[in-house]
Structures are given as structure tokens and as C-alpha cells.
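A.B. asks: To be precise about what I am sending: the file is called model04.txt and holds compact mmCIF, C-alpha atoms.
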# COMPACT_ATOMS: atom_id res chain seq x y z
CA MET A 1 99.44 37.90 106.61
CA ASN A 2 97.22 40.55 108.20
CA ARG A 3 99.61 40.68 111.09
CA LYS A 4 102.52 41.23 108.74
CA VAL A 5 100.70 44.13 107.06
CA PHE A 6 99.93 45.58 110.48
CA VAL A 7 103.58 45.40 111.58
CA ILE A 8 104.85 46.93 108.34
CA GLY A 9 102.21 49.66 108.66
CA LEU A 10 103.43 50.41 112.17
CA ILE A 11 107.05 50.55 111.03
CA VAL A 12 106.10 53.08 108.35
CA ALA A 13 103.65 55.12 110.41
CA LEU A 14 105.40 55.36 113.77
CA PRO A 15 108.36 57.49 112.64
CA LEU A 16 105.95 59.82 110.83
CA VAL A 17 103.81 60.20 113.94
CA ALA A 18 106.94 60.78 116.04
CA LEU A 19 108.12 63.42 113.55
CA LEU A 20 104.72 65.10 113.68
CA PHE A 21 104.77 65.29 117.48
CA ALA A 22 108.37 66.52 117.50
CA SER A 23 107.41 69.28 115.05
CA LEU A 24 104.29 70.30 116.96
CA SER A 25 106.36 71.74 119.78
CA ARG A 26 108.45 73.78 117.33
CA ASP A 27 107.56 77.15 115.88
CA PRO A 28 107.77 76.65 112.10
CA THR A 29 108.25 80.38 111.49
CA ARG A 30 111.32 80.46 113.69
CA ILE A 31 114.53 80.00 111.77
CA GLU A 32 117.91 80.09 113.44
CA SER A 33 120.03 82.94 112.16
CA PRO A 34 123.19 81.68 110.50
CA LEU A 35 124.88 84.89 111.60
CA ILE A 36 125.09 84.02 115.29
CA GLY A 37 128.73 83.61 116.27
CA ARG A 38 129.84 85.31 113.06
CA PRO A 39 131.21 88.82 112.56
CA ALA A 40 128.43 91.38 112.35
CA PRO A 41 127.88 92.66 108.80
CA ALA A 42 129.22 96.18 108.36
CA PHE A 43 126.69 98.98 108.14
CA ARG A 44 126.65 102.65 107.35
CA LEU A 45 123.41 104.23 108.40
CA ALA A 46 122.20 107.81 108.18
CA PRO A 47 120.91 109.23 111.46
CA LEU A 48 117.26 110.26 111.42
CA ASP A 49 118.15 113.82 112.35
CA GLY A 50 121.05 114.20 109.93
CA GLY A 51 124.74 114.23 110.66
CA ALA A 52 127.54 111.80 109.93
CA PRO A 53 126.54 108.21 109.14
CA LEU A 54 126.90 105.68 111.95
CA THR A 55 129.07 102.71 111.11
CA LEU A 56 129.79 99.42 112.81
CA ASP A 57 133.47 100.34 113.03
CA SER A 58 132.73 103.62 114.80
CA LEU A 59 130.89 101.68 117.51
CA ARG A 60 133.50 98.96 117.95
CA GLY A 61 134.71 98.48 121.51
CA ARG A 62 131.19 98.67 122.88
CA VAL A 63 128.40 96.14 123.02
CA ILE A 64 125.82 97.10 120.39
CA VAL A 65 122.09 96.57 120.67
CA LEU A 66 120.85 96.80 117.09
CA ASN A 67 117.07 97.03 117.09
CA PHE A 68 115.14 96.79 113.80
CA TRP A 69 111.75 98.39 114.21
CA ALA A 70 108.95 100.43 112.63
CA THR A 71 106.20 102.67 113.94
CA TRP A 72 103.55 100.52 112.20
CA CYS A 73 104.66 97.48 114.16
CA VAL A 74 102.72 97.11 117.40
CA PRO A 75 105.22 94.88 119.29
CA CYS A 76 107.98 97.36 118.35
CA VAL A 77 106.04 100.18 119.94
CA GLU A 78 105.44 97.98 122.98
CA GLU A 79 109.12 97.22 123.50
CA HIS A 80 110.24 100.78 122.88
CA ALA A 81 109.90 101.79 126.53
CA ALA A 82 112.05 98.85 127.65
CA LEU A 83 114.75 99.80 125.14
CA ALA A 84 114.64 103.47 126.08
CA GLN A 85 114.94 102.59 129.75
CA ALA A 86 117.83 100.19 129.13
CA ALA A 87 119.59 102.79 126.98
CA GLN A 88 119.55 105.14 129.94
CA GLN A 89 120.53 102.46 132.42
CA PHE A 90 123.45 101.00 130.45
CA GLY A 91 124.66 104.43 129.39
CA ARG A 92 127.86 104.73 127.45
CA GLU A 93 129.21 101.20 127.70
CA THR A 94 126.46 99.85 125.45
CA ALA A 95 125.45 101.43 122.15
CA PHE A 96 121.75 101.29 121.33
CA LEU A 97 120.76 101.80 117.75
CA GLY A 98 117.24 101.87 116.37
CA VAL A 99 117.22 100.87 112.71
CA VAL A 100 114.04 102.06 111.02
CA TYR A 101 112.65 99.25 108.87
CA GLU A 102 110.37 100.07 105.95
CA ASP A 103 109.05 103.23 107.48
CA SER A 104 109.32 106.93 106.72
CA ALA A 105 111.35 109.50 108.62
CA PRO A 106 108.33 111.79 109.30
CA GLU A 107 106.39 108.90 110.84
CA VAL A 108 109.32 108.09 113.10
CA ARG A 109 109.77 111.73 114.08
CA THR A 110 106.10 112.00 114.98
CA PHE A 111 106.32 108.84 117.05
CA LEU A 112 109.49 109.93 118.85
CA GLY A 113 108.11 113.42 119.40
CA ARG A 114 105.51 111.79 121.55
CA SER A 115 107.66 109.39 123.54
CA GLY A 116 111.15 110.88 123.07
CA ALA A 117 114.32 109.43 121.55
CA ALA A 118 116.54 107.91 124.21
CA TYR A 119 119.06 106.47 121.71
CA PRO A 120 120.07 107.18 118.11
CA MET A 121 117.68 106.30 115.31
CA VAL A 122 118.99 105.54 111.85
CA MET A 123 117.34 105.12 108.45
CA ASP A 124 117.98 101.93 106.49
CA GLU A 125 117.85 103.10 102.87
CA GLY A 126 116.67 100.31 100.58
CA GLY A 127 116.64 97.88 103.51
CA ARG A 128 120.29 97.00 102.86
CA THR A 129 121.23 96.55 106.48
CA ALA A 130 118.08 94.55 107.17
CA ILE A 131 119.02 92.23 104.29
CA ALA A 132 122.63 91.98 105.44
CA TYR A 133 121.37 90.95 108.88
CA GLY A 134 118.77 88.55 107.50
CA VAL A 135 115.83 90.34 109.07
CA TYR A 136 112.54 88.50 108.52
CA GLY A 137 110.29 91.02 110.21
CA VAL A 138 110.20 93.50 113.03
CA PRO A 139 110.99 93.67 115.84
CA GLU A 140 114.30 91.84 115.65
CA THR A 141 117.20 92.79 117.88
CA PHE A 142 120.83 91.81 117.44
CA PHE A 143 123.32 91.79 120.28
CA ILE A 144 126.84 92.45 119.07
CA SER A 145 129.89 92.00 121.28
CA ALA A 146 132.57 94.68 121.65
CA ASP A 147 134.73 92.79 119.15
CA GLY A 148 131.99 92.87 116.54
CA VAL A 149 130.54 89.36 116.73
CA ILE A 150 126.79 88.68 116.72
CA VAL A 151 126.16 86.93 120.04
CA ASP A 152 122.37 86.74 120.01
CA LYS A 153 119.33 87.56 117.97
CA HIS A 154 116.00 88.18 119.63
CA VAL A 155 112.81 87.93 117.60
CA GLY A 156 109.73 89.69 118.96
CA PRO A 157 109.29 92.29 121.67
CA LEU A 158 111.93 92.52 124.40
CA THR A 159 111.20 92.68 128.08
CA PRO A 160 113.58 94.63 130.37
CA GLU A 161 114.73 91.33 131.95
CA ARG A 162 115.50 89.65 128.64
CA LEU A 163 117.25 92.80 127.46
CA SER A 164 119.64 92.96 130.43
CA GLN A 165 120.22 89.22 130.18
CA LEU A 166 121.22 89.42 126.52
CA ILE A 167 123.37 92.51 127.05
CA ALA A 168 125.19 90.66 129.84
CA ARG A 169 125.79 87.74 127.49
CA ALA A 170 127.20 90.01 124.79
CA LYS A 171 129.52 91.58 127.39
CA ALA A 172 130.69 88.18 128.58
CA ARG A 173 131.51 87.23 124.98
CA ALA A 174 133.74 90.29 124.63
CA GLY A 175 135.60 89.33 127.82
CA GLY A 176 136.33 85.73 126.90
CA GLY A 177 136.29 85.95 123.13
CA ARG A 178 138.87 86.82 120.54
CA SER A 179 139.89 90.41 120.13
CA MET B 180 97.91 92.44 85.65
CA ARG B 181 100.02 91.49 88.65
CA LEU B 182 103.07 91.86 86.52
CA ARG B 183 102.46 95.49 85.78
CA PRO B 184 103.41 96.90 89.22
CA LEU B 185 106.31 94.48 89.23
CA ALA B 186 107.50 95.76 85.88
CA LEU B 187 107.17 99.30 87.20
CA LEU B 188 109.17 98.41 90.26
CA LEU B 189 111.81 96.76 88.12
CA LEU B 190 111.93 99.89 86.04
CA CYS B 191 112.35 102.01 89.16
CA ALA B 192 115.09 99.69 90.38
CA GLY B 193 116.67 99.98 86.96
CA LEU B 194 116.58 103.77 87.06
CA ARG B 195 118.09 103.71 90.50
CA VAL B 196 120.91 101.45 89.41
CA ALA B 197 121.44 103.60 86.35
CA ALA B 198 121.66 106.65 88.59
CA ALA B 199 124.12 104.87 90.83
CA GLN B 200 126.21 103.88 87.85
CA ASP B 201 126.34 107.42 86.50
CA ALA B 202 128.04 108.50 89.69
CA PRO B 203 131.68 107.46 90.11
CA ALA B 204 131.71 103.92 91.46
CA THR B 205 132.83 104.67 94.98
CA SER B 206 131.52 102.74 97.96
CA GLU B 207 129.26 105.71 98.72
CA ALA B 208 127.56 105.53 95.33
CA ALA B 209 126.61 101.88 95.64
CA PRO B 210 126.25 101.17 99.35
CA GLY B 211 125.11 97.62 98.60
CA ALA B 212 128.32 96.71 96.89
CA TRP B 213 130.59 96.97 99.85
CA THR B 214 128.33 94.95 102.14
CA ALA B 215 128.33 92.22 99.51
CA ALA B 216 132.08 92.56 98.90
CA GLU B 217 132.72 92.02 102.60
CA VAL B 218 131.07 88.61 102.38
CA LEU B 219 131.82 87.60 98.81
CA GLY B 220 135.03 89.31 97.81
CA ALA B 221 135.46 90.38 94.21
CA PRO B 222 132.84 89.67 91.53
CA ARG B 223 133.65 86.51 89.60
CA GLY B 224 131.41 87.08 86.58
CA VAL B 225 130.72 89.56 83.85
CA ALA B 226 129.00 92.83 84.68
CA LEU B 227 125.53 92.71 83.10
CA SER B 228 123.42 95.52 81.70
CA GLY B 229 120.33 96.18 79.62
CA ALA B 230 117.96 93.36 78.70
CA THR B 231 120.35 90.65 79.91
CA LEU B 232 120.42 92.29 83.33
CA ASP B 233 116.60 92.44 83.39
CA ALA B 234 116.28 88.79 82.47
CA GLU B 235 118.99 87.62 84.85
CA THR B 236 117.55 89.67 87.73
CA LYS B 237 114.22 87.95 87.20
CA ARG B 238 115.79 84.52 86.89
CA VAL B 239 118.09 84.79 89.92
CA GLY B 240 115.31 86.53 91.87
CA SER B 241 113.04 83.56 91.20
CA LEU B 242 115.55 81.31 93.01
CA LEU B 243 115.31 83.29 96.23
CA ARG B 244 112.52 83.03 98.76
CA CYS B 245 110.79 86.20 99.89
CA PRO B 246 111.22 86.01 103.68
CA VAL B 247 107.97 87.80 104.49
CA CYS B 248 105.76 85.86 102.06
CA GLN B 249 104.40 82.34 101.90
CA GLY B 250 106.38 80.36 99.36
CA LEU B 251 106.88 83.22 96.91
CA SER B 252 110.12 84.17 95.26
CA ILE B 253 111.37 87.74 95.53
CA ALA B 254 110.80 88.12 91.79
CA ASP B 255 107.10 87.30 92.26
CA SER B 256 106.34 89.27 95.40
CA PRO B 257 105.34 92.93 95.59
CA ALA B 258 106.32 93.13 99.29
CA ASP B 259 108.78 95.90 100.22
CA THR B 260 111.32 93.41 101.51
CA ALA B 261 111.17 91.43 98.26
CA VAL B 262 111.49 94.60 96.20
CA ASN B 263 114.54 95.65 98.23
CA MET B 264 116.09 92.22 97.86
CA LEU B 265 115.44 92.13 94.13
CA ARG B 266 116.99 95.57 93.76
CA GLN B 267 120.07 94.26 95.51
CA VAL B 268 120.16 91.19 93.25
CA ARG B 269 120.08 93.54 90.28
CA GLU B 270 122.88 95.69 91.65
CA MET B 271 125.03 92.69 92.36
CA LEU B 272 124.50 91.25 88.87
CA ALA B 273 125.24 94.68 87.39
CA ALA B 274 128.46 94.72 89.40
CA GLY B 275 129.47 91.37 87.91
CA TYR B 276 128.61 88.97 90.72
CA THR B 277 127.62 85.50 89.55
CA GLU B 278 124.36 83.71 90.35
CA GLN B 279 126.19 81.52 92.88
CA GLN B 280 127.67 84.56 94.58
CA VAL B 281 124.31 86.35 94.76
CA VAL B 282 122.58 83.31 96.23
CA ALA B 283 125.50 82.81 98.64
CA TYR B 284 125.18 86.40 99.81
CA PHE B 285 121.54 85.99 100.78
CA GLU B 286 122.19 82.56 102.23
CA HIS B 287 124.90 84.09 104.41
CA SER B 288 122.36 86.25 106.22
CA TYR B 289 119.09 84.34 105.82
CA GLY B 290 120.35 80.77 105.88
CA ALA B 291 119.48 77.93 103.49
CA PHE B 292 115.78 78.80 103.88
CA VAL B 293 116.24 81.65 101.41
CA ARG B 294 116.73 79.18 98.57
CA LEU B 295 113.38 78.22 97.08
CA GLU B 296 114.99 74.99 95.92
CA PRO B 297 117.24 73.30 98.45
CA ALA B 298 120.90 73.17 97.43
CA MET B 299 122.08 69.82 96.13
CA ASN B 300 124.54 68.94 98.85
CA GLY B 301 124.95 66.91 102.03
CA ILE B 302 121.75 65.90 103.75
CA ASN B 303 119.70 67.70 101.09
CA TRP B 304 120.43 64.86 98.70
CA THR B 305 117.97 62.72 100.68
CA LEU B 306 115.40 65.44 100.04
CA TRP B 307 116.04 65.40 96.31
CA LEU B 308 116.28 61.63 95.99
CA ALA B 309 113.47 60.62 98.36
CA PRO B 310 110.65 61.08 95.80
CA PHE B 311 112.50 58.95 93.23
CA ALA B 312 113.31 56.35 95.86
CA ALA B 313 109.63 56.33 96.86
CA VAL B 314 108.59 55.75 93.22
CA VAL B 315 111.07 52.89 92.86
CA VAL B 316 110.06 51.26 96.15
CA GLY B 317 106.36 51.75 95.36
CA GLY B 318 106.91 50.24 91.92
CA LEU B 319 108.65 47.23 93.41
CA VAL B 320 105.81 46.73 95.88
CA ILE B 321 103.25 46.87 93.07
CA VAL B 322 105.25 44.45 90.92
CA ALA B 323 105.62 42.06 93.85
CA PHE B 324 101.91 42.33 94.59
CA LEU B 325 100.88 41.73 90.97
CA ARG B 326 103.24 38.82 90.66
CA ARG B 327 101.87 37.24 93.78
CA SER B 328 98.20 37.65 92.80
CA ARG B 329 98.94 36.35 89.30
CA GLY B 330 100.70 33.43 90.92
CA ALA B 331 97.63 32.69 93.08
CA ALA B 332 94.67 33.15 90.72
CA PRO B 333 95.94 31.70 87.43
CA ALA B 334 97.30 28.70 89.33
CA GLY B 335 94.60 26.74 87.46
CA SER B 336 95.98 27.71 84.08
CA HIS B 337 99.31 26.24 85.09
CA GLU B 338 97.57 22.94 85.87
CA ASP B 339 95.85 23.12 82.47
CA ALA B 340 99.17 23.32 80.75
CA SER B 341 100.59 20.40 82.67
CA SER B 342 97.44 18.30 82.15
CA THR B 343 98.09 17.55 78.51
CA ALA B 344 99.49 14.47 80.14
CA LEU B 345 96.74 12.01 81.07
CA PRO B 346 96.14 10.51 84.50
CA ALA B 347 97.66 7.10 85.12
CA ASP B 348 94.24 5.51 85.83
CA PRO B 349 93.00 4.30 82.39
CA GLN B 350 89.32 4.84 83.22
CA LEU B 351 89.99 8.33 84.42
CA ALA B 352 92.17 8.99 81.40
CA GLU B 353 89.30 7.96 79.17
CA TYR B 354 86.94 10.44 80.84
CA VAL B 355 89.46 13.21 80.53
CA ARG B 356 89.90 12.46 76.82
CA ARG B 357 86.15 12.61 76.26
CA VAL B 358 85.76 15.84 78.17
CA ARG B 359 88.54 17.38 76.12
CA ALA B 360 86.98 16.23 72.89
CA LEU B 361 83.66 17.73 73.94
CA ALA B 362 85.30 20.96 74.95
CA ALA B 363 87.15 21.11 71.62
CA ALA B 364 83.91 20.41 69.70
CA LYS B 365 82.11 23.11 71.68
CA GLN B 366 84.84 25.59 70.83
CA GLY B 367 84.65 24.57 67.16
CA GLU B 368 80.86 25.13 67.20
CA ARG B 369 81.34 28.56 68.67
CA ARG B 370 83.80 29.46 65.99
CA GLU B 371 81.31 28.26 63.37
CA GLU B 372 78.60 30.43 64.92
CA THR B 373 80.73 33.53 64.93
CA ARG B 374 81.58 32.91 61.28
CA LYS B 375 77.88 32.87 60.32
CA PRO B 376 76.60 36.23 59.13
Any chance you could put this one into C-alpha cells?
C.D. replies:
Amino acid sequence: MNRKVFVIGLIVALPLVALLFASLSRDPTRIESPLIGRPAPAFRLAPLDGGAPLTLDSLRGRVIVLNFWATWCVPCVEEHAALAQAAQQFGRETAFLGVVYEDSAPEVRTFLGRSGAAYPMVMDEGGRTAIAYGVYGVPETFFISADGVIVDKHVGPLTPERLSQLIARAKARAGGGRS
Amino acid sequence: MRLRPLALLLLCAGLRVAAAQDAPATSEAAPGAWTAAEVLGAPRGVALSGATLDAETKRVGSLLRCPVCQGLSIADSPADTAVNMLRQVREMLAAGYTEQQVVAYFEHSYGAFVRLEPAMNGINWTLWLAPFAAVVVGGLVIVAFLRRSRGAAPAGSHEDASSTALPADPQLAEYVRRVRALAAAKQGERREETRKP
């Protein structure tokens, strides 16, 4: 009788314990983006310094690094140098775009005045583009292939190594993917 | 008191939408519309306005999870992201998108997580049915347990019922008869006592 209770208890408890241990190694705040492998949502974003809006279509044919960031976000500020350096290194073949997330243009100008703008910055009015891309927080960076498909999404600050790795992956997708 | 800033924000969102509607409805005037149209196609419902729009914005907003909060809907959160999302919900409802379309739009970019209540489909059915299944199984266990303990303890009462028959041994039968008579008399006495004032 007691043995039976013990066995039944084990049968009930073991899967729960297994589930707990399986979940411990996972980051509960990390949610896979459903957009990966799908066409990138269209955007139309006003450049920080005025001029014609930048659209997804106008950048088609190049790999796009779409970086959502804000000056109040410490990891964003940390990764900025890596992005600026990569923007110079990868030149014209890759389009870098800094999407300002819940921040004001003057703040961004002050920040860039200090460290310089190596790639175009755009304002996301009403957070529409952030919503279309399912942004949870900043920094989040999307890697879009030349044919306009989201290949990867990186959450958190980027290192130069990770950046070149993900750009290479987005380029490979454009080579072997649909046109 | 928490509702007041929310109401203000809703009002602001309302003014914004109103401003957008005053302008000719080109894609430039309502930049949200074309992003949604790309995913959803044409609106399938009736374009809402006024008090209905307010109420529906709040209701549909309460179905969507604020991605930067802990378990709050976008209708209940004062966070910028939630305010932006709610504004977009309002615009979409004003443009005639249905509740399903609005939820589908956010699910397209944020995934199923954006629904505060999981959708009733596929594997999610286990999620919805598990609590009821647990109640049923728990109930069955309790019933089985009660039945078994009733079967064990009142086993004596069963014997009582069957013992109206007397033992085969005449001497023993005689004793049993006397004991019963005594017991009956005792019970009668007790009844008498309780009847006394």
C-alpha cells in the first residue's frame, strides 16, 4: 500500500522535476521571434537629420542591419562602437540603420555629437516599426537578407565578432535563397 | 487614480486619430494602416468611431499582453510601448479591422505570447482543458478514497444488518436474543428519558 503510494508519487513528481530542470537552463524572458524566415515588415522612417524617408524597398538588394536602440539604454551605448566600426568595414554592400526607440531627437543628436554618426539614424514615430518587428526592448538587431527576409534577430548588445557572423549569414541567405 | 493618466492618454490617442482622419486617408496620413494592410489585407469589419471605438479599444487592448510589463495588458499599462500599441489598436479598429485581425497583427510580430489568454487551438487545448481534467481526476480519487474508507470502517454495520439471522448454535442464539432484547430495552429507556421534561 505504502509502496504503491510511493510509486504513484514518483510517477507524478518525476516529470514535474524533469520539466523544472529543463526550464532552469532556459531564459524565460527569451521568446523566439515568429518573424525569422519571413519577409521583413515594410517601414518608412524619417531620418534624424531630415530628408526623404528611408524605406525597406529603397534598401532592397543589400543586407540590412536594423538596430533598435536608445540613448537611455546602456547596452545600446556599449554596442554602438561595434556597429559604427562594422558600418565602416562593410561599407556599401550592407546597409546599417539605427532605429531610435522611445527617445527624443535632441537626445540622440547630443549623443551622436559626442561619438559621431557612422550610419543613418531614423526616428520611429509612435513606435510603429518597433511594433511591426515585435521589439520587446532595446537593443534588438534584425539582420535582413538582400531579398528582404529576416534571417536573424539578436537580442542584447552585439560584439564585433557576432556582428560579422550574423552579417555573413544574412549574405549567405541572399545567395542561396529565393529572389 | 491610475485610470486618469490612462484616460488622458486615450484622449491624446483619440485626438491623434481624429487628426489623422481629418487629413485625406492616404498611406502617409495613417502610416500604421499600410503596415497592417501588408500583413492583414483589407479590413473585414465595420469602421468604429466615438464611444464604441473607445470601448472596443479598451476591450481589444485588454486581450493583448504588454511586452515590456509583467502580466499586464496594453490597456492597463502606462508604459510607452503599451501606449503605442494601444494607439495602433485604436487606429486599426477605426479603420475597420476586426478584433481577430488586430490580434493577428500583433501575433504576427510578437508571437502567441502577445495574447494574454492562449488561443483555443492545437496544443493549447491541453492548457485550457488541463484544469478541468485535474478537477475530474481529483474528484474521482476522492470518491474512490471515500468509498474505500467507508467500505473499511462501517464493515461492522454490514454485519449488523446480516445478523438479524441467528447463529446455528441454539445456546449462542439464545444469548444473542437476550443481548438484543437488552439493547432494545436500553434504547427504549433512553427514549423515555429524553421524553421527560
A.B. asks: Using 12 Å as the limit and counting only C-alpha atoms, can you tabulate each residue of chain A that touches chain B, with its shortest atom-to-atom distance in Å and the two atoms involved, as a Markdown table?
C.D. replies:
| residue | atom | partner | partner_atom | distance |
| --- | --- | --- | --- | --- |
| A:Pro28 | CA | B:Phe292 | CA | 11.7 |
| A:Thr29 | CA | B:Pro246 | CA | 10.1 |
| A:Arg30 | CA | B:Phe292 | CA | 10.9 |
| A:Ile31 | CA | B:Phe292 | CA | 8.1 |
| A:Glu32 | CA | B:Gly290 | CA | 8.0 |
| A:Ser33 | CA | B:Tyr289 | CA | 6.6 |
| A:Pro34 | CA | B:Gly290 | CA | 5.5 |
| A:Leu35 | CA | B:Ser288 | CA | 6.1 |
| A:Ile36 | CA | B:Ser288 | CA | 9.7 |
| A:Arg38 | CA | B:His287 | CA | 10.0 |
| A:Pro39 | CA | B:Val218 | CA | 10.2 |
| A:Ala40 | CA | B:Ser288 | CA | 10.0 |
| A:Pro41 | CA | B:Thr214 | CA | 7.1 |
| A:Ala42 | CA | B:Thr214 | CA | 6.4 |
| A:Phe43 | CA | B:Thr214 | CA | 7.4 |
| A:Arg44 | CA | B:Pro210 | CA | 8.1 |
| A:Leu45 | CA | B:Pro210 | CA | 10.0 |
| A:Ala46 | CA | B:Pro210 | CA | 11.8 |
| A:Pro53 | CA | B:Glu207 | CA | 11.1 |
| A:Thr55 | CA | B:Thr214 | CA | 11.9 |
| A:Leu56 | CA | B:Thr214 | CA | 11.7 |
| A:Tyr101 | CA | B:Thr260 | CA | 9.5 |
| A:Glu102 | CA | B:Asp259 | CA | 7.3 |
| A:Asp103 | CA | B:Asp259 | CA | 10.3 |
| A:Asp124 | CA | B:Asn263 | CA | 10.9 |
| A:Glu125 | CA | B:Pro210 | CA | 9.3 |
| A:Gly126 | CA | B:Asn263 | CA | 5.6 |
| A:Gly127 | CA | B:Asn263 | CA | 6.1 |
| A:Arg128 | CA | B:Gly211 | CA | 6.5 |
| A:Thr129 | CA | B:Thr214 | CA | 8.5 |
| A:Ala130 | CA | B:Thr260 | CA | 8.9 |
| A:Ile131 | CA | B:Met264 | CA | 7.1 |
| A:Ala132 | CA | B:Ser288 | CA | 5.8 |
| A:Tyr133 | CA | B:Ser288 | CA | 5.5 |
| A:Gly134 | CA | B:Ser288 | CA | 4.5 |
| A:Val135 | CA | B:Tyr289 | CA | 7.6 |
| A:Tyr136 | CA | B:Pro246 | CA | 5.6 |
| A:Gly137 | CA | B:Val247 | CA | 7.0 |
| A:Val138 | CA | B:Val247 | CA | 10.5 |
| A:Ile150 | CA | B:Ser288 | CA | 11.7 |
A.B. asks: Report the distance between CA of Ile167 (chain A) and CA of Arg92 (chain A) in Å, rounded to one decimal place.
C.D. replies: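 For CA of Ile167 (chain A) relative to CA of Arg92 (chain A), the distance reads 13.0 Å.
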A.B. asks: List as a compact mmCIF listing (two decimals) with C-alpha atoms, keeping the file's coordinate frame the protein and nucleic acid residues near Phe68 (chain A), meaning an atom at most 7 Å away when only C-alpha atoms are counted, but skip any in the same chain fewer than 3 places from it.
C.D. replies:
# COMPACT_ATOMS: atom_id res chain seq x y z
CA GLY A 98 117.24 101.87 116.37
CA VAL A 99 117.22 100.87 112.71
CA VAL A 100 114.04 102.06 111.02
CA TYR A 101 112.65 99.25 108.87
CA VAL A 138 110.20 93.50 113.03
CA PRO A 139 110.99 93.67 115.84
CA GLU A 140 114.30 91.84 115.65
CA THR A 141 117.20 92.79 117.88
A.B. asks: Please report the interatomic distance between CA of Cys76 (chain A) and CA of Arg244 (chain B) in Å with one decimal.
C.D. replies: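 Taking CA of Cys76 (chain A) and CA of Arg244 (chain B), their separation equals 24.7 Å.
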A.B. asks: Could you jot down the CA of Ser164 (chain A) to CA of Ala52 (chain A) separation for me, Å, one decimal place?
C.D. replies: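 We find that CA of Ser164 (chain A) and CA of Ala52 (chain A) lie 28.9 Å from each other.
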A.B. asks: Residues at most 8 Å from Pro222 (chain B), counting all atoms listed in the file, excluding those fewer than 3 positions away in the same chain, as a list in words?
C.D. replies: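 Counting only the stated atoms, we get Ala216, Leu219, Val225, Ala274, Gly275, Tyr276, Thr277 and Gln280 of chain B.
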A.B. asks: Counting only C-alpha atoms, which residue out of A:Val12, A:Cys73, A:Leu54, A:Val17 sits closest to Gly156 (chain A)?
C.D. replies: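 Closest candidate: A:Cys73.
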A.B. asks: Name the residues in contact with Leu158 (chain A) at a cut-off of 7 Å, using all atoms listed in the file, excluding same-chain residues fewer than 3 positions from it; report them as a list in words.
C.D. replies: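 Counting all atoms listed in the file, the residues come to Glu79, Arg162 and Leu163 of chain A.
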A.B. asks: I'd like to know which of A:Val74, A:Ala172, A:Ala146, A:Leu48 is closest to Glu107 (chain A), using all atoms listed in the file.
C.D. replies: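 Nearest candidate to Glu107 (chain A) out of A:Val74, A:Ala172, A:Ala146, A:Leu48: A:Leu48.
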A.B. asks: Give me the residues within 10 Å of Arg169 (chain A) as an mmCIF file with C-alpha atoms, keeping the file's coordinate frame, counting only C-alpha atoms and dropping any in the same chain fewer than 6 places off.
C.D. replies:
data_model
loop_
_atom_site.group_PDB
_atom_site.id
_atom_site.type_symbol
_atom_site.label_atom_id
_atom_site.label_comp_id
_atom_site.auth_asym_id
_atom_site.auth_seq_id
_atom_site.Cartn_x
_atom_site.Cartn_y
_atom_site.Cartn_z
ATOM 1 C CA VAL A 63 128.400 96.140 123.020
ATOM 2 C CA PHE A 143 123.320 91.790 120.280
ATOM 3 C CA ILE A 144 126.840 92.450 119.070
ATOM 4 C CA SER A 145 129.890 92.000 121.280
ATOM 5 C CA VAL A 151 126.160 86.930 120.040
ATOM 6 C CA ASP A 152 122.370 86.740 120.010
ATOM 7 C CA LEU A 163 117.250 92.800 127.460
ATOM 8 C CA GLY A 175 135.600 89.330 127.820
#
A.B. asks: Quick one: of A:Pro15, A:Gly37, A:Val65, A:Val5, who's nearest to Ala86 (chain A), counting all atoms listed in the file?
C.D. replies: A:Val65
